[in-house]
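Structure file run.tsv (TSV, C-alpha atoms) follows.
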```tsv
chain	number	residue	atom	x	y	z
A	1	PRO	CA	97.48	-1.45	-17.25
A	2	THR	CA	96.04	-1.85	-20.70
A	3	HIS	CA	97.32	0.13	-23.65
A	4	VAL	CA	94.13	-0.10	-25.68
A	5	HIS	CA	92.87	3.28	-26.84
A	6	VAL	CA	89.15	3.78	-26.30
A	7	PRO	CA	87.47	6.65	-28.15
A	8	THR	CA	85.87	9.29	-25.95
A	9	HIS	CA	83.19	10.10	-28.54
A	10	LEU	CA	81.33	8.38	-31.37
A	11	TYR	CA	79.96	10.01	-34.50
A	12	LYS	CA	77.71	9.25	-37.43
A	13	VAL	CA	77.17	11.20	-40.63
A	14	ILE	CA	74.01	10.51	-42.63
A	15	LEU	CA	73.61	11.56	-46.24
A	16	GLY	CA	70.19	11.14	-47.81
A	17	GLU	CA	69.44	11.53	-51.50
A	18	ARG	CA	66.03	12.32	-52.90
A	19	GLU	CA	64.59	13.01	-56.30
A	20	VAL	CA	64.59	16.69	-57.14
A	21	GLY	CA	61.01	17.90	-57.56
A	22	ASP	CA	59.03	21.09	-57.66
A	23	ASP	CA	59.27	21.66	-53.89
A	24	GLU	CA	62.74	23.22	-54.32
A	25	LYS	CA	64.35	21.21	-51.52
A	26	GLU	CA	67.93	20.15	-52.10
A	27	GLN	CA	68.59	16.75	-53.65
A	28	TYR	CA	70.95	15.82	-50.79
A	29	GLN	CA	70.09	16.04	-47.09
A	30	LEU	CA	72.78	15.68	-44.45
A	31	ALA	CA	72.95	15.29	-40.67
A	32	ALA	CA	76.01	14.77	-38.45
A	33	PHE	CA	75.78	13.45	-34.89
A	34	MET	CA	78.38	13.11	-32.13
A	35	MET	CA	77.98	11.70	-28.62
A	36	GLN	CA	80.14	10.60	-25.72
A	37	ASN	CA	81.19	6.95	-25.68
A	38	GLU	CA	79.23	5.97	-22.59
A	39	PRO	CA	75.85	4.39	-21.87
A	40	ILE	CA	72.93	6.69	-22.51
A	41	HIS	CA	70.78	6.46	-19.42
A	42	ASP	CA	67.92	8.71	-20.48
A	43	LYS	CA	66.19	8.84	-23.83
A	44	LEU	CA	67.32	12.17	-25.26
A	45	PRO	CA	66.14	13.54	-28.61
A	46	LEU	CA	68.50	12.81	-31.48
A	47	THR	CA	68.73	16.52	-32.19
A	48	ASP	CA	70.65	16.91	-28.89
A	49	TYR	CA	73.56	15.16	-30.62
A	50	LEU	CA	73.54	17.20	-33.84
A	51	ILE	CA	76.85	18.82	-34.73
A	52	ASP	CA	77.86	21.05	-37.62
A	53	LEU	CA	79.65	19.02	-40.29
A	54	ASP	CA	82.60	21.43	-40.42
A	55	GLU	CA	83.02	21.17	-36.66
A	56	LEU	CA	82.89	17.35	-36.79
A	57	GLU	CA	85.45	17.32	-39.60
A	58	HIS	CA	87.72	19.50	-37.46
A	59	TYR	CA	87.44	17.11	-34.48
A	60	VAL	CA	87.99	13.84	-36.37
A	61	GLY	CA	90.44	15.07	-39.00
A	62	LEU	CA	88.43	13.72	-41.92
A	63	GLU	CA	86.54	15.41	-44.73
A	64	PHE	CA	83.11	13.94	-45.45
A	65	PHE	CA	81.55	14.35	-48.89
A	66	PRO	CA	84.01	16.97	-50.20
A	67	ARG	CA	81.82	17.75	-53.23
A	68	LEU	CA	78.87	18.68	-50.99
A	69	LYS	CA	78.89	21.91	-49.04
A	70	TYR	CA	76.15	23.88	-47.35
A	71	ASN	CA	75.31	27.12	-49.23
A	72	GLN	CA	78.74	27.63	-50.75
A	73	GLU	CA	78.91	29.78	-53.86
A	74	MET	CA	81.18	27.44	-55.81
A	75	GLU	CA	79.74	26.23	-59.12
A	76	ASP	CA	81.25	22.74	-59.05
A	77	VAL	CA	80.02	22.01	-55.50
A	78	VAL	CA	76.59	20.51	-54.87
A	79	LYS	CA	74.61	22.05	-52.00
A	80	TYR	CA	72.95	19.99	-49.30
A	81	GLY	CA	70.03	20.66	-46.98
A	82	GLU	CA	69.86	20.05	-43.26
A	83	LEU	CA	68.19	16.68	-42.81
A	84	CYS	CA	66.79	17.30	-39.32
A	85	LYS	CA	65.35	20.69	-40.28
A	86	ASN	CA	63.65	19.43	-43.42
A	87	TYR	CA	62.59	16.02	-42.06
A	88	ASN	CA	61.80	14.68	-38.64
A	89	CYS	CA	64.84	13.25	-36.79
A	90	GLU	CA	63.22	11.19	-34.06
A	91	TYR	CA	64.39	8.22	-32.07
A	92	ASP	CA	62.29	5.19	-32.93
A	93	ASP	CA	62.27	3.01	-29.82
A	94	ASP	CA	61.32	-0.25	-31.47
A	95	GLU	CA	61.18	-3.62	-29.73
A	96	ARG	CA	64.79	-4.50	-30.61
A	97	SER	CA	66.29	-1.44	-28.95
A	98	LYS	CA	63.83	-1.48	-26.04
A	99	GLY	CA	65.11	-4.91	-25.02
A	100	TRP	CA	68.68	-3.61	-24.75
A	101	ARG	CA	67.96	-0.34	-22.91
A	102	PRO	CA	68.21	-1.94	-19.41
A	103	LEU	CA	71.75	-3.07	-20.25
A	104	ALA	CA	72.83	0.55	-20.76
A	105	ILE	CA	71.16	1.47	-17.49
A	106	ILE	CA	72.98	-1.33	-15.64
A	107	LYS	CA	76.32	-0.23	-17.09
A	108	SER	CA	75.74	3.41	-16.12
A	109	CYS	CA	74.86	2.83	-12.43
A	110	LYS	CA	76.97	4.96	-10.09
A	111	ASP	CA	76.50	3.05	-6.82
A	112	LEU	CA	75.35	-0.31	-5.42
A	113	GLU	CA	71.95	0.97	-4.31
A	114	GLU	CA	71.15	2.22	-7.81
A	115	LEU	CA	72.44	-1.02	-9.34
A	116	GLU	CA	70.29	-3.18	-7.06
A	117	GLY	CA	67.19	-1.12	-7.88
A	118	VAL	CA	67.83	-1.32	-11.62
A	119	TRP	CA	68.53	-5.06	-11.43
A	120	LYS	CA	65.30	-5.69	-9.49
A	121	ALA	CA	63.26	-3.65	-11.99
A	122	THR	CA	64.92	-5.44	-14.91
A	123	CYS	CA	64.16	-8.86	-13.42
A	124	ASP	CA	60.59	-7.82	-12.63
A	125	ASN	CA	60.06	-6.80	-16.27
A	126	GLY	CA	61.39	-10.15	-17.45
A	127	PHE	CA	63.64	-11.12	-20.33
A	128	GLU	CA	62.82	-12.01	-23.91
A	129	ALA	CA	65.01	-15.11	-23.81
A	130	ASP	CA	67.06	-17.14	-21.34
A	131	TRP	CA	70.33	-16.13	-22.98
A	132	MET	CA	69.45	-12.46	-22.36
A	133	LYS	CA	68.85	-13.17	-18.68
A	134	ASN	CA	72.25	-14.87	-18.48
A	135	TYR	CA	73.99	-12.06	-20.37
A	136	TYR	CA	72.36	-9.34	-18.26
A	137	GLY	CA	73.19	-11.35	-15.14
A	138	ARG	CA	76.88	-11.41	-16.07
A	139	GLN	CA	76.86	-7.66	-16.74
A	140	TYR	CA	75.16	-7.09	-13.38
A	141	TYR	CA	77.77	-9.30	-11.66
A	142	TYR	CA	80.73	-7.45	-13.23
A	143	LYS	CA	79.23	-4.01	-12.55
A	144	LYS	CA	78.60	-4.99	-8.92
A	145	LYS	CA	82.18	-6.24	-8.66
A	146	ASP	CA	83.46	-2.90	-10.06
A	147	LEU	CA	81.33	-0.90	-7.63
A	148	MET	CA	82.43	-3.03	-4.68
A	149	ARG	CA	86.15	-2.77	-5.45
A	150	PRO	CA	86.70	0.58	-3.62
A	151	ILE	CA	84.69	-0.68	-0.64
A	152	GLN	CA	86.72	-3.88	-0.52
A	153	LYS	CA	89.96	-1.88	-0.65
A	154	ARG	CA	88.89	0.14	2.39
A	155	ILE	CA	87.93	-3.03	4.28
A	156	ASN	CA	91.29	-4.59	3.48
A	157	TYR	CA	93.08	-1.42	4.57
A	158	PHE	CA	91.39	-1.45	7.98
A	159	ARG	CA	92.04	-5.18	8.43
A	160	GLN	CA	95.75	-4.50	8.71
A	161	PHE	CA	95.13	-2.65	12.00
A	162	GLN	CA	93.33	-5.53	13.71
```

Encoding of this model in structure tokens:
Amino acid sequence: PTHVHVPTHLYKVILGEREVGDDEKEQYQLAAFMMQNEPIHDKLPLTDYLIDLDELEHYVGLEFFPRLKYNQEMEDVVKYGELCKNYNCEYDDDERSKGWRPLAIIKSCKDLEELEGVWKATCDNGFEADWMKNYYGRQYYYKKKDLMRPIQKRINYFRQFQ
């Protein structure tokens, strides 16, 4: 057994700075996101992963931007606005990320039938480069091996009674 610790969740905190103008929006805009450390099969809106900064700080044991707080009445603390309320937080599925989406789908397959269907669809759509086909092929092979392991164990178990 391996003793490598793998995080269960991933997070990202974004702090944007803008020039203060007449529109009265805060100079700093902040958004915090947290998601499980697993392949994302479906394209969910980014706002599904929003988390309150205080809550995120509690989970990870860190304090982000200690001189920025939301609506606190302290004079020496700068206030920040909520980035996703004041601006549009949308997932931009550009060509770079679109090419990698099938890999997440392959890694998240729950059974052999699903894996075979995903692999066929991926091959039918083609690959941008030969190295991607080879890389995806290796990931398919290892995922298939992982999914077959319990089946192979049962087969081996029943072989002892022959």

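Residues surrounding Ser108 (chain A) within 9 Å are A:Glu38, A:Pro39, A:Ile40, A:His41, A:Leu115, A:Lys143 [only C-alpha atoms; sequence separation below 6 positions excluded].
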
The distance between CA of Pro66 (chain A) and CA of Glu90 (chain A) is 26.9 Å

Any chance you could work out the axis-aligned box around region 49-53 of chain A, listed atoms only, 5 Å on each side, giving centre and edge lengths in Å to one decimal, as lines of an AutoDock Vina configuration file?
```
center_x = 76.6
center_y = 18.1
center_z = -35.5
size_x = 16.1
size_y = 15.9
size_z = 19.7
```

Between A:Lys153, A:Trp100, A:Leu83, A:Lys12, which one has atoms that come closest to Glu57 (chain A), using only C-alpha atoms?
A:Lys12

Coordinates-based distance that separates CA of Gly81 (chain A) from CA of Val20 (chain A) (Å, one decimal)
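CA of Gly81 (chain A) lies at a distance of 12.2 Å from CA of Val20 (chain A).
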
Interatomic distance between CA of Asp124 (chain A) and CA of Pro102 (chain A)?
11.8 Å

Nearest candidate to Leu56 (chain A) (options A:Val13, A:Ala121, A:Asn37, A:Tyr87; using all atoms listed in the file):
A:Val13

Option closest in space to Phe127 (chain A), from A:Lys144, A:Arg101, A:Arg159, A:Lys107 [counting all atoms listed in the file]
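When distances to Phe127 (chain A) are compared using all atoms listed in the file, the smallest one comes from A:Arg101.
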
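Distances to Phe65 (chain A) were evaluated for A:Lys79, A:Lys120, A:His5, A:Lys85 using all atoms listed in the file, and the minimum falls at A:Lys79.
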
Pick from A:Tyr140, A:Tyr80, A:Tyr49, A:Phe161 nearest to Leu10 (chain A), counting all atoms listed in the file
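Smallest distance to Leu10 (chain A) is found for A:Tyr49.
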
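In terms of minimum interatomic distance to Leu112 (chain A), A:Pro150 ranks closest within A:Gly16, A:Pro150, A:Gly61, A:Pro45, counting all atoms listed in the file.
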
Tell me, as a tab-separated table (two decimals) with C-alpha atoms, in the coordinates of the input, which residues lie within 10 Å of Trp119 (chain A), counting all atoms listed in the file; anything in the same chain fewer than 3 positions away does not count.
```tsv
chain	number	residue	atom	x	y	z
A	102	PRO	CA	68.21	-1.94	-19.41
A	103	LEU	CA	71.75	-3.07	-20.25
A	105	ILE	CA	71.16	1.47	-17.49
A	106	ILE	CA	72.98	-1.33	-15.64
A	113	GLU	CA	71.95	0.97	-4.31
A	114	GLU	CA	71.15	2.22	-7.81
A	115	LEU	CA	72.44	-1.02	-9.34
A	116	GLU	CA	70.29	-3.18	-7.06
A	122	THR	CA	64.92	-5.44	-14.91
A	123	CYS	CA	64.16	-8.86	-13.42
A	124	ASP	CA	60.59	-7.82	-12.63
A	125	ASN	CA	60.06	-6.80	-16.27
A	136	TYR	CA	72.36	-9.34	-18.26
A	137	GLY	CA	73.19	-11.35	-15.14
A	140	TYR	CA	75.16	-7.09	-13.38
```

Starting from the incomplete input, reconstruct all heavy atoms of region 151-162 of chain A and report them as a CSV table (one decimal), keeping the file's coordinate frame.
```
chain,number,residue,atom,x,y,z
A,151,ILE,N,85.1,-0.3,-2.0
A,151,ILE,CA,84.7,-0.7,-0.6
A,151,ILE,C,85.6,-1.8,-0.1
A,151,ILE,O,86.0,-1.7,1.1
A,151,ILE,CB,83.2,-1.1,-0.7
A,151,ILE,CG1,82.3,0.0,-1.1
A,151,ILE,CG2,82.8,-1.7,0.7
A,151,ILE,CD1,80.9,-0.4,-1.4
A,152,GLN,N,85.9,-2.8,-0.9
A,152,GLN,CA,86.7,-3.9,-0.5
A,152,GLN,C,88.1,-3.4,-0.2
A,152,GLN,O,88.8,-3.9,0.7
A,152,GLN,CB,86.8,-5.0,-1.6
A,152,GLN,CG,87.4,-6.2,-1.2
A,152,GLN,CD,86.6,-6.9,0.0
A,152,GLN,OE1,85.4,-7.0,-0.1
A,152,GLN,NE2,87.4,-7.3,1.0
A,153,LYS,N,88.6,-2.4,-0.9
A,153,LYS,CA,90.0,-1.9,-0.6
A,153,LYS,C,90.0,-1.2,0.7
A,153,LYS,O,91.0,-1.4,1.5
A,153,LYS,CB,90.4,-0.9,-1.7
A,153,LYS,CG,90.8,-1.5,-3.0
A,153,LYS,CD,91.3,-0.4,-4.0
A,153,LYS,CE,91.9,-1.0,-5.2
A,153,LYS,NZ,92.3,0.0,-6.2
A,154,ARG,N,88.9,-0.5,1.1
A,154,ARG,CA,88.9,0.1,2.4
A,154,ARG,C,88.8,-0.9,3.5
A,154,ARG,O,89.5,-0.8,4.5
A,154,ARG,CB,87.7,1.1,2.5
A,154,ARG,CG,88.0,2.4,1.8
A,154,ARG,CD,86.8,3.4,2.0
A,154,ARG,NE,85.8,2.9,1.1
A,154,ARG,CZ,84.6,3.5,0.9
A,154,ARG,NH1,84.3,4.5,1.6
A,154,ARG,NH2,83.8,3.0,0.0
A,155,ILE,N,88.0,-2.0,3.3
A,155,ILE,CA,87.9,-3.0,4.3
A,155,ILE,C,89.3,-3.7,4.5
A,155,ILE,O,89.7,-3.9,5.6
A,155,ILE,CB,86.9,-4.1,3.9
A,155,ILE,CG1,85.5,-3.5,3.9
A,155,ILE,CG2,87.0,-5.3,4.7
A,155,ILE,CD1,84.4,-4.3,3.3
A,156,ASN,N,90.0,-4.0,3.4
A,156,ASN,CA,91.3,-4.6,3.5
A,156,ASN,C,92.3,-3.7,4.2
A,156,ASN,O,93.2,-4.1,4.9
A,156,ASN,CB,91.8,-5.0,2.1
A,156,ASN,CG,91.0,-6.1,1.5
A,156,ASN,OD1,90.3,-6.8,2.2
A,156,ASN,ND2,91.1,-6.3,0.2
A,157,TYR,N,92.2,-2.4,3.9
A,157,TYR,CA,93.1,-1.4,4.6
A,157,TYR,C,92.9,-1.4,6.1
A,157,TYR,O,93.9,-1.5,6.8
A,157,TYR,CB,92.8,0.0,4.0
A,157,TYR,CG,93.6,1.1,4.7
A,157,TYR,CD1,94.9,1.3,4.5
A,157,TYR,CD2,92.9,1.9,5.7
A,157,TYR,CE1,95.6,2.3,5.2
A,157,TYR,CE2,93.6,2.9,6.3
A,157,TYR,CZ,95.0,3.0,6.1
A,157,TYR,OH,95.7,4.0,6.7
A,158,PHE,N,91.6,-1.5,6.5
A,158,PHE,CA,91.4,-1.4,8.0
A,158,PHE,C,91.7,-2.8,8.6
A,158,PHE,O,92.0,-2.8,9.8
A,158,PHE,CB,89.9,-1.0,8.3
A,158,PHE,CG,89.7,0.4,8.1
A,158,PHE,CD1,88.9,0.9,7.1
A,158,PHE,CD2,90.4,1.4,8.9
A,158,PHE,CE1,88.7,2.2,6.9
A,158,PHE,CE2,90.2,2.7,8.6
A,158,PHE,CZ,89.3,3.2,7.7
A,159,ARG,N,91.7,-3.9,7.9
A,159,ARG,CA,92.0,-5.2,8.4
A,159,ARG,C,93.5,-5.2,8.9
A,159,ARG,O,93.8,-6.0,9.8
A,159,ARG,CB,91.8,-6.3,7.4
A,159,ARG,CG,90.4,-6.6,7.3
A,159,ARG,CD,90.2,-7.8,6.3
A,159,ARG,NE,88.8,-8.2,6.2
A,159,ARG,CZ,88.3,-8.8,5.2
A,159,ARG,NH1,89.1,-9.3,4.3
A,159,ARG,NH2,87.0,-9.1,5.2
A,160,GLN,N,94.3,-4.5,8.3
A,160,GLN,CA,95.8,-4.5,8.7
A,160,GLN,C,96.0,-3.9,10.1
A,160,GLN,O,97.0,-4.2,10.7
A,160,GLN,CB,96.6,-3.7,7.7
A,160,GLN,CG,96.4,-2.3,7.7
A,160,GLN,CD,97.3,-1.6,6.6
A,160,GLN,OE1,98.2,-2.2,6.1
A,160,GLN,NE2,96.9,-0.3,6.3
A,161,PHE,N,95.0,-3.2,10.7
A,161,PHE,CA,95.1,-2.6,12.0
A,161,PHE,C,94.5,-3.5,13.1
A,161,PHE,O,94.5,-3.2,14.2
A,161,PHE,CB,94.5,-1.3,12.0
A,161,PHE,CG,95.1,-0.3,11.1
A,161,PHE,CD1,94.5,0.2,10.0
A,161,PHE,CD2,96.4,0.1,11.3
A,161,PHE,CE1,95.1,1.1,9.1
A,161,PHE,CE2,97.0,1.0,10.5
A,161,PHE,CZ,96.4,1.5,9.4
A,162,GLN,N,94.0,-4.7,12.7
A,162,GLN,CA,93.3,-5.5,13.7
A,162,GLN,C,94.4,-6.4,14.4
A,162,GLN,O,95.4,-6.7,14.0
A,162,GLN,CB,92.3,-6.5,13.0
A,162,GLN,CG,91.1,-5.7,12.6
A,162,GLN,CD,90.1,-6.6,11.9
A,162,GLN,OE1,90.4,-7.7,11.6
A,162,GLN,NE2,88.9,-6.1,11.7
```
